[in-house]
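Q: I'd like to ask some things about the structure below.
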Amino acid sequence: MAESISISEARDDLAELVNRVAYGHERVRLVRRGRDLAAVVPTEDLELLESLDDELDLAAAREALADPANAGRIPWEDIRARLGR
């Protein structure tokens, strides 16, 4: 379980916090007024999260491509209109 510390505490001891995360492989939640706002995690954890996100995006793209309703082309003018350009 990740330790929770206040943002002001993290700011005061940022170098130590980064070392604990980077070398001790700890995860730390940053809290303000009792609310979790962010987390400091090892790079390996971030890379795993990004990889999982990529896999989900790829699965969604494959599903959309397999849908016959998406087989047709969309005219450029329609795309520009949807984007408001």
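Each chain in the structure tokens gets a letter, A, B and so on, in the order shown; residues start at 1 in every chain, and ligands are counted from 1 in the order they appear.
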Hey, what does DSSP flag as strand (DSSP E) within chain A? Can you give it to me as an mmCIF file with N, CA, C and O atoms, in the first residue's frame?
A:
data_model
loop_
_atom_site.group_PDB
_atom_site.id
_atom_site.type_symbol
_atom_site.label_atom_id
_atom_site.label_comp_id
_atom_site.auth_asym_id
_atom_site.auth_seq_id
_atom_site.Cartn_x
_atom_site.Cartn_y
_atom_site.Cartn_z
ATOM 1 N N GLU A 3 2.204 4.912 0.736
ATOM 2 C CA GLU A 3 2.181 5.879 1.830
ATOM 3 C C GLU A 3 1.558 7.170 1.316
ATOM 4 O O GLU A 3 1.752 7.551 0.166
ATOM 5 N N SER A 4 0.815 7.867 2.163
ATOM 6 C CA SER A 4 0.252 9.166 1.808
ATOM 7 C C SER A 4 0.973 10.248 2.581
ATOM 8 O O SER A 4 1.142 10.138 3.799
ATOM 9 N N ILE A 5 1.405 11.291 1.865
ATOM 10 C CA ILE A 5 2.019 12.431 2.525
ATOM 11 C C ILE A 5 1.447 13.709 1.925
ATOM 12 O O ILE A 5 0.972 13.725 0.799
ATOM 13 N N SER A 6 1.515 14.761 2.701
ATOM 14 C CA SER A 6 1.003 16.040 2.216
ATOM 15 C C SER A 6 1.937 16.611 1.161
ATOM 16 O O SER A 6 3.135 16.302 1.128
ATOM 17 N N VAL A 28 4.135 6.679 -3.514
ATOM 18 C CA VAL A 28 3.715 7.684 -2.539
ATOM 19 C C VAL A 28 2.553 8.490 -3.104
ATOM 20 O O VAL A 28 2.625 8.999 -4.225
ATOM 21 N N ARG A 29 1.483 8.579 -2.330
ATOM 22 C CA ARG A 29 0.334 9.412 -2.696
ATOM 23 C C ARG A 29 0.564 10.811 -2.137
ATOM 24 O O ARG A 29 0.947 10.960 -0.977
ATOM 25 N N LEU A 30 0.284 11.808 -2.963
ATOM 26 C CA LEU A 30 0.385 13.194 -2.519
ATOM 27 C C LEU A 30 -1.016 13.694 -2.197
ATOM 28 O O LEU A 30 -1.929 13.589 -3.019
ATOM 29 N N VAL A 31 -1.168 14.241 -1.003
ATOM 30 C CA VAL A 31 -2.474 14.593 -0.466
ATOM 31 C C VAL A 31 -2.531 16.076 -0.139
ATOM 32 O O VAL A 31 -1.556 16.655 0.354
ATOM 33 N N ARG A 32 -3.681 16.684 -0.435
ATOM 34 C CA ARG A 32 -3.934 18.067 -0.010
ATOM 35 C C ARG A 32 -5.319 18.103 0.619
ATOM 36 O O ARG A 32 -6.293 17.689 0.005
ATOM 37 N N ARG A 35 -7.375 14.949 0.493
ATOM 38 C CA ARG A 35 -7.717 14.380 -0.824
ATOM 39 C C ARG A 35 -6.461 13.948 -1.563
ATOM 40 O O ARG A 35 -5.506 14.698 -1.661
ATOM 41 N N ASP A 36 -6.490 12.745 -2.123
ATOM 42 C CA ASP A 36 -5.393 12.297 -2.976
ATOM 43 C C ASP A 36 -5.407 13.131 -4.253
ATOM 44 O O ASP A 36 -6.449 13.246 -4.909
ATOM 45 N N LEU A 37 -4.266 13.721 -4.600
ATOM 46 C CA LEU A 37 -4.177 14.539 -5.800
ATOM 47 C C LEU A 37 -3.297 13.921 -6.877
ATOM 48 O O LEU A 37 -3.562 14.071 -8.060
ATOM 49 N N ALA A 38 -2.245 13.263 -6.469
ATOM 50 C CA ALA A 38 -1.291 12.715 -7.428
ATOM 51 C C ALA A 38 -0.506 11.608 -6.723
ATOM 52 O O ALA A 38 -0.678 11.379 -5.530
ATOM 53 N N ALA A 39 0.350 10.979 -7.509
ATOM 54 C CA ALA A 39 1.201 9.938 -6.942
ATOM 55 C C ALA A 39 2.585 10.046 -7.548
ATOM 56 O O ALA A 39 2.744 10.464 -8.686
ATOM 57 N N VAL A 40 3.567 9.664 -6.760
ATOM 58 C CA VAL A 40 4.939 9.558 -7.246
ATOM 59 C C VAL A 40 5.237 8.063 -7.264
ATOM 60 O O VAL A 40 5.109 7.390 -6.241
#
Q: I'd like the interatomic distance between atom CA of A:Arg20 and atom CA of A:Leu46, to a tenth of an Å.
A: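 We find that atom CA of A:Arg20 and atom CA of A:Leu46 lie 15.6 Å from each other.
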Q: Of the candidates A:Asp67, A:Glu26, A:Glu16, A:Glu9, which shows the shortest atom-to-atom distance to A:Thr43, using only C-alpha atoms?
A: A:Glu26
Q: If we count only C-alpha atoms and set the cut-off at 12 Å, which residues sit around A:Asp45, ignoring sequence neighbours fewer than 5 positions away in its own chain? Please answer as a ChimeraX atom specification.
A: /A:21-22,25-27,39-40,50-52
Q: May I have the selected residues written with N, CA and C atoms, as a PDB file, in the first residue's frame?
A:
ATOM      1  N   VAL A  21      11.414   6.576  -3.919  1.00  0.00           N
ATOM      2  CA  VAL A  21      10.619   6.032  -5.021  1.00  0.00           C
ATOM      3  C   VAL A  21      11.530   5.365  -6.056  1.00  0.00           C
ATOM      4  N   ALA A  22      12.582   6.059  -6.449  1.00  0.00           N
ATOM      5  CA  ALA A  22      13.458   5.558  -7.513  1.00  0.00           C
ATOM      6  C   ALA A  22      14.258   4.329  -7.086  1.00  0.00           C
ATOM      7  N   HIS A  25      11.744   1.691  -4.687  1.00  0.00           N
ATOM      8  CA  HIS A  25      10.559   1.221  -5.407  1.00  0.00           C
ATOM      9  C   HIS A  25       9.280   1.413  -4.601  1.00  0.00           C
ATOM     10  N   GLU A  26       9.233   2.516  -3.839  1.00  0.00           N
ATOM     11  CA  GLU A  26       8.028   2.847  -3.083  1.00  0.00           C
ATOM     12  C   GLU A  26       7.068   3.626  -3.965  1.00  0.00           C
ATOM     13  N   ARG A  27       5.825   3.641  -3.573  1.00  0.00           N
ATOM     14  CA  ARG A  27       4.798   4.467  -4.215  1.00  0.00           C
ATOM     15  C   ARG A  27       4.276   5.423  -3.150  1.00  0.00           C
ATOM     16  N   ALA A  39       0.350  10.979  -7.509  1.00  0.00           N
ATOM     17  CA  ALA A  39       1.201   9.938  -6.942  1.00  0.00           C
ATOM     18  C   ALA A  39       2.585  10.046  -7.548  1.00  0.00           C
ATOM     19  N   VAL A  40       3.567   9.664  -6.760  1.00  0.00           N
ATOM     20  CA  VAL A  40       4.939   9.558  -7.246  1.00  0.00           C
ATOM     21  C   VAL A  40       5.237   8.063  -7.264  1.00  0.00           C
ATOM     22  N   GLU A  50       1.525   2.776 -18.850  1.00  0.00           N
ATOM     23  CA  GLU A  50       1.456   3.237 -20.233  1.00  0.00           C
ATOM     24  C   GLU A  50       1.284   2.058 -21.196  1.00  0.00           C
ATOM     25  N   SER A  51       1.942   0.966 -20.926  1.00  0.00           N
ATOM     26  CA  SER A  51       1.817  -0.229 -21.762  1.00  0.00           C
ATOM     27  C   SER A  51       0.398  -0.793 -21.696  1.00  0.00           C
ATOM     28  N   LEU A  52      -0.164  -0.838 -20.497  1.00  0.00           N
ATOM     29  CA  LEU A  52      -1.537  -1.318 -20.349  1.00  0.00           C
ATOM     30  C   LEU A  52      -2.520  -0.398 -21.067  1.00  0.00           C
TER      31      LEU A  52
END
Q: From the DSSP assignment of the backbone, select every residue of chain A that is alpha helix (DSSP H), and format the answer as number ranges by chain.
A: A: 7-12, 14-24, 43-66, 76-83
Q: Put those residues in a file: C-alpha atoms, as a compact mmCIF listing (two decimals), in the first residue's frame.
A:
# COMPACT_ATOMS: atom_id res chain seq x y z
CA ILE A 7 2.18 18.08 -0.72
CA SER A 8 3.96 20.50 1.62
CA GLU A 9 5.83 17.59 3.24
CA ALA A 10 6.78 16.26 -0.20
CA ARG A 11 8.03 19.71 -1.22
CA ASP A 12 10.17 19.99 1.91
CA LEU A 14 11.56 16.20 -2.41
CA ALA A 15 15.07 14.77 -2.90
CA GLU A 16 14.51 12.12 -0.23
CA LEU A 17 11.07 11.31 -1.65
CA VAL A 18 12.45 10.84 -5.16
CA ASN A 19 15.23 8.60 -3.85
CA ARG A 20 12.76 6.43 -1.92
CA VAL A 21 10.62 6.03 -5.02
CA ALA A 22 13.46 5.56 -7.51
CA TYR A 23 15.70 3.28 -5.48
CA GLY A 24 13.35 1.81 -2.88
CA THR A 43 9.49 4.74 -13.68
CA GLU A 44 8.90 1.00 -14.12
CA ASP A 45 5.37 1.40 -12.75
CA LEU A 46 4.66 4.29 -15.10
CA GLU A 47 5.95 2.30 -18.08
CA LEU A 48 3.67 -0.61 -17.10
CA LEU A 49 0.66 1.72 -16.84
CA GLU A 50 1.46 3.24 -20.23
CA SER A 51 1.82 -0.23 -21.76
CA LEU A 52 -1.54 -1.32 -20.35
CA ASP A 53 -3.14 1.87 -21.67
CA ASP A 54 -1.64 1.20 -25.12
CA GLU A 55 -3.05 -2.35 -25.06
CA LEU A 56 -6.52 -1.04 -24.20
CA ASP A 57 -6.31 1.54 -26.99
CA LEU A 58 -5.21 -1.12 -29.46
CA ALA A 59 -8.06 -3.43 -28.45
CA ALA A 60 -10.57 -0.59 -28.88
CA ALA A 61 -9.12 0.27 -32.31
CA ARG A 62 -9.31 -3.37 -33.42
CA GLU A 63 -12.91 -3.56 -32.24
CA ALA A 64 -13.81 -0.39 -34.13
CA LEU A 65 -12.10 -1.63 -37.28
CA ALA A 66 -13.97 -4.94 -37.09
CA TRP A 76 -12.81 15.32 -45.31
CA GLU A 77 -15.42 18.10 -45.20
CA ASP A 78 -17.43 16.16 -42.62
CA ILE A 79 -14.36 15.66 -40.45
CA ARG A 80 -13.47 19.36 -40.65
CA ALA A 81 -17.03 20.28 -39.71
CA ARG A 82 -16.96 17.91 -36.70
CA LEU A 83 -13.70 19.47 -35.55
